[in-house]
Amino acid sequence: MKHQELQQTLSEFTAERLALLQRHEAGARAVSNYDFNNTYQNIIGREETQLAWLRNALSELGAPLPGAAPVITVPDVSKASKNDAGRYRGVLEDDARHLQRFVEKWRERLEDFAHARHRKMLDVILGESVEHQRLFEQAASGFEDLLGRRTGGVARVGAVLPTRWVE
């Protein structure tokens, strides 16, 4: 694989991955359900790690981190009861669909990718993206124990604010 071709592929992949991260950050601001928001935070943390890997790979090739691909908008949140997990279904299903399209597109494009080290890195990122898709699908179905079970039958109350600090 030629240097220019490798750089182009990694740059495209990175731009799309960055757009998905930004979409998930926007989704986290829209989804105040505590369990779903914690899942977003978990996913965002992994995506930031993945972007560090991609940034390092591009840096080794002498390429800058590209800007994100076009912005992916967040669907409106349902007006259902604030405690109703179903009110976020549209946002969560949309995130799952975007990840599915990303994985399908890149799995196909990487079938003949010859650079072994970067191929493995991209395979790990795609594998984790499949796992994130599964988490979004479970959340969209209303399942709230995504990152673990609550103990003692404690009721779910409260919500996450859309901004980190309020002054």
# chains A, B, ... in the order shown; residues from 1 in each chain; ligands from 1
$ residues_around --residues "Val74 in chain A" --least-positions-apart "4" --cutoff "9 Å" --atoms "only C-alpha atoms" --output "VMD selection string"
chain A and resid 23 to 24 26 to 27 30 90 to 91 94 to 95
$ write_last_selection --atoms "C-alpha atoms" --output "PDB file, in the first residue's frame"
ATOM      1  CA  ARG A  23     -22.863  13.154  17.111  1.00  0.00           C
ATOM      2  CA  HIS A  24     -22.626  11.045  20.263  1.00  0.00           C
ATOM      3  CA  ALA A  26     -24.708  15.897  20.941  1.00  0.00           C
ATOM      4  CA  GLY A  27     -26.822  12.817  21.677  1.00  0.00           C
ATOM      5  CA  ALA A  30     -30.170  15.440  24.392  1.00  0.00           C
ATOM      6  CA  GLY A  90     -35.494   8.064  18.126  1.00  0.00           C
ATOM      7  CA  VAL A  91     -32.095   9.430  19.152  1.00  0.00           C
ATOM      8  CA  ASP A  94     -30.505   6.921  14.972  1.00  0.00           C
ATOM      9  CA  ASP A  95     -27.135   6.442  16.682  1.00  0.00           C
TER      10      ASP A  95
END
$ residues_around --residues "Gln138 in chain A" --least-positions-apart "4" --cutoff "12 Å" --atoms "only C-alpha atoms" --output "ChimeraX atom specification"
/A:35-36,39,85-86,88-89,92-93,95-96,131-134,142-147
$ residues_around --residues "Ile72 in chain A" --least-positions-apart "6" --cutoff "9 Å" --atoms "only C-alpha atoms" --output "ChimeraX atom specification"
/A:19-20,22-23,98
$ residues_around --residues "Val124 in chain A" --least-positions-apart "5" --cutoff "9 Å" --atoms "only C-alpha atoms" --output "PyMOL selection string"
chain A and resi 50+119+129
$ write_last_selection --atoms "N, CA, C and O atoms" --output "PDB file, in the first residue's frame"
ATOM      1  N   GLN A  50      -9.947   5.847  20.591  1.00  0.00           N
ATOM      2  CA  GLN A  50      -9.791   5.461  19.186  1.00  0.00           C
ATOM      3  C   GLN A  50      -9.234   6.614  18.359  1.00  0.00           C
ATOM      4  O   GLN A  50      -8.357   6.414  17.501  1.00  0.00           O
ATOM      5  N   ARG A 119      -4.401  -1.995   9.779  1.00  0.00           N
ATOM      6  CA  ARG A 119      -5.593  -2.826   9.533  1.00  0.00           C
ATOM      7  C   ARG A 119      -6.137  -3.368  10.857  1.00  0.00           C
ATOM      8  O   ARG A 119      -7.333  -3.348  11.107  1.00  0.00           O
ATOM      9  N   SER A 129     -17.184  -0.427  17.539  1.00  0.00           N
ATOM     10  CA  SER A 129     -18.348   0.287  16.996  1.00  0.00           C
ATOM     11  C   SER A 129     -19.569  -0.628  16.944  1.00  0.00           C
ATOM     12  O   SER A 129     -20.693  -0.188  17.194  1.00  0.00           O
TER      13      SER A 129
END
$ atom_distance --atom1 "CA of Asn56 in chain A" --atom2 "CA of His3 in chain A"
15.2 Å
$ closest_residue --among "A:Leu135, A:Arg17, A:Val130, A:Arg107" --to "Pro70 in chain A" --atoms "only C-alpha atoms"
A:Arg17
$ closest_residue --among "A:Leu6, A:Leu110, A:Glu137, A:Phe13" --to "Ala68 in chain A" --atoms "only C-alpha atoms"
A:Phe13
$ atom_distance --atom1 "CA of Ala52 in chain A" --atom2 "CA of Thr9 in chain A"
16.4 Å
$ atom_distance --atom1 "CA of Ser141 in chain A" --atom2 "CA of Asp76 in chain A"
17.4 Å
$ decode --residues "range 104-130 of chain A" --atoms "N, CA and C atoms" --output "PDB file, in the first residue's frame"
ATOM      1  N   GLU A 104     -20.538  -1.123   8.134  1.00  0.00           N
ATOM      2  CA  GLU A 104     -20.741  -1.789   6.838  1.00  0.00           C
ATOM      3  C   GLU A 104     -19.866  -1.176   5.756  1.00  0.00           C
ATOM      4  N   LYS A 105     -19.820   0.138   5.699  1.00  0.00           N
ATOM      5  CA  LYS A 105     -19.019   0.826   4.682  1.00  0.00           C
ATOM      6  C   LYS A 105     -17.538   0.474   4.826  1.00  0.00           C
ATOM      7  N   TRP A 106     -17.018   0.563   6.042  1.00  0.00           N
ATOM      8  CA  TRP A 106     -15.591   0.384   6.233  1.00  0.00           C
ATOM      9  C   TRP A 106     -15.158  -1.068   6.237  1.00  0.00           C
ATOM     10  N   ARG A 107     -16.003  -1.984   6.668  1.00  0.00           N
ATOM     11  CA  ARG A 107     -15.644  -3.418   6.585  1.00  0.00           C
ATOM     12  C   ARG A 107     -15.395  -3.778   5.120  1.00  0.00           C
ATOM     13  N   GLU A 108     -16.279  -3.311   4.263  1.00  0.00           N
ATOM     14  CA  GLU A 108     -16.144  -3.601   2.828  1.00  0.00           C
ATOM     15  C   GLU A 108     -14.885  -2.943   2.257  1.00  0.00           C
ATOM     16  N   ARG A 109     -14.648  -1.688   2.604  1.00  0.00           N
ATOM     17  CA  ARG A 109     -13.495  -0.974   2.059  1.00  0.00           C
ATOM     18  C   ARG A 109     -12.168  -1.542   2.557  1.00  0.00           C
ATOM     19  N   LEU A 110     -12.170  -2.149   3.736  1.00  0.00           N
ATOM     20  CA  LEU A 110     -10.918  -2.622   4.321  1.00  0.00           C
ATOM     21  C   LEU A 110     -10.601  -4.083   4.007  1.00  0.00           C
ATOM     22  N   GLU A 111     -11.441  -4.737   3.205  1.00  0.00           N
ATOM     23  CA  GLU A 111     -11.201  -6.145   2.873  1.00  0.00           C
ATOM     24  C   GLU A 111      -9.817  -6.376   2.286  1.00  0.00           C
ATOM     25  N   ASP A 112      -9.347  -5.457   1.464  1.00  0.00           N
ATOM     26  CA  ASP A 112      -8.051  -5.615   0.809  1.00  0.00           C
ATOM     27  C   ASP A 112      -6.997  -4.654   1.354  1.00  0.00           C
ATOM     28  N   PHE A 113      -7.211  -4.141   2.533  1.00  0.00           N
ATOM     29  CA  PHE A 113      -6.288  -3.194   3.162  1.00  0.00           C
ATOM     30  C   PHE A 113      -5.013  -3.943   3.540  1.00  0.00           C
ATOM     31  N   ALA A 114      -3.871  -3.533   3.001  1.00  0.00           N
ATOM     32  CA  ALA A 114      -2.650  -4.329   3.108  1.00  0.00           C
ATOM     33  C   ALA A 114      -1.760  -3.990   4.299  1.00  0.00           C
ATOM     34  N   HIS A 115      -1.905  -2.844   4.910  1.00  0.00           N
ATOM     35  CA  HIS A 115      -1.027  -2.447   6.012  1.00  0.00           C
ATOM     36  C   HIS A 115      -1.496  -3.147   7.291  1.00  0.00           C
ATOM     37  N   ALA A 116      -0.756  -4.176   7.729  1.00  0.00           N
ATOM     38  CA  ALA A 116      -1.206  -5.067   8.805  1.00  0.00           C
ATOM     39  C   ALA A 116      -1.465  -4.342  10.128  1.00  0.00           C
ATOM     40  N   ARG A 117      -0.565  -3.481  10.569  1.00  0.00           N
ATOM     41  CA  ARG A 117      -0.722  -2.821  11.875  1.00  0.00           C
ATOM     42  C   ARG A 117      -1.924  -1.891  11.878  1.00  0.00           C
ATOM     43  N   HIS A 118      -2.047  -1.075  10.846  1.00  0.00           N
ATOM     44  CA  HIS A 118      -3.189  -0.160  10.790  1.00  0.00           C
ATOM     45  C   HIS A 118      -4.487  -0.913  10.521  1.00  0.00           C
ATOM     46  N   ARG A 119      -4.401  -1.995   9.779  1.00  0.00           N
ATOM     47  CA  ARG A 119      -5.593  -2.826   9.533  1.00  0.00           C
ATOM     48  C   ARG A 119      -6.137  -3.368  10.857  1.00  0.00           C
ATOM     49  N   LYS A 120      -5.246  -3.833  11.713  1.00  0.00           N
ATOM     50  CA  LYS A 120      -5.666  -4.370  13.015  1.00  0.00           C
ATOM     51  C   LYS A 120      -6.308  -3.267  13.854  1.00  0.00           C
ATOM     52  N   MET A 121      -5.717  -2.088  13.851  1.00  0.00           N
ATOM     53  CA  MET A 121      -6.271  -0.956  14.598  1.00  0.00           C
ATOM     54  C   MET A 121      -7.687  -0.634  14.099  1.00  0.00           C
ATOM     55  N   LEU A 122      -7.858  -0.577  12.790  1.00  0.00           N
ATOM     56  CA  LEU A 122      -9.170  -0.267  12.226  1.00  0.00           C
ATOM     57  C   LEU A 122     -10.171  -1.379  12.526  1.00  0.00           C
ATOM     58  N   ASP A 123      -9.722  -2.627  12.512  1.00  0.00           N
ATOM     59  CA  ASP A 123     -10.600  -3.753  12.872  1.00  0.00           C
ATOM     60  C   ASP A 123     -11.071  -3.639  14.323  1.00  0.00           C
ATOM     61  N   VAL A 124     -10.175  -3.252  15.228  1.00  0.00           N
ATOM     62  CA  VAL A 124     -10.561  -3.076  16.631  1.00  0.00           C
ATOM     63  C   VAL A 124     -11.591  -1.954  16.756  1.00  0.00           C
ATOM     64  N   ILE A 125     -11.369  -0.863  16.062  1.00  0.00           N
ATOM     65  CA  ILE A 125     -12.313   0.263  16.112  1.00  0.00           C
ATOM     66  C   ILE A 125     -13.672  -0.167  15.563  1.00  0.00           C
ATOM     67  N   LEU A 126     -13.684  -0.896  14.469  1.00  0.00           N
ATOM     68  CA  LEU A 126     -14.957  -1.365  13.912  1.00  0.00           C
ATOM     69  C   LEU A 126     -15.637  -2.349  14.857  1.00  0.00           C
ATOM     70  N   GLY A 127     -14.869  -3.224  15.493  1.00  0.00           N
ATOM     71  CA  GLY A 127     -15.443  -4.159  16.458  1.00  0.00           C
ATOM     72  C   GLY A 127     -16.076  -3.438  17.638  1.00  0.00           C
ATOM     73  N   GLU A 128     -15.392  -2.421  18.154  1.00  0.00           N
ATOM     74  CA  GLU A 128     -15.954  -1.647  19.251  1.00  0.00           C
ATOM     75  C   GLU A 128     -17.177  -0.862  18.784  1.00  0.00           C
ATOM     76  N   SER A 129     -17.184  -0.427  17.539  1.00  0.00           N
ATOM     77  CA  SER A 129     -18.348   0.287  16.996  1.00  0.00           C
ATOM     78  C   SER A 129     -19.569  -0.628  16.944  1.00  0.00           C
ATOM     79  N   VAL A 130     -19.352  -1.897  16.626  1.00  0.00           N
ATOM     80  CA  VAL A 130     -20.451  -2.877  16.634  1.00  0.00           C
ATOM     81  C   VAL A 130     -21.004  -3.015  18.049  1.00  0.00           C
TER      82      VAL A 130
END
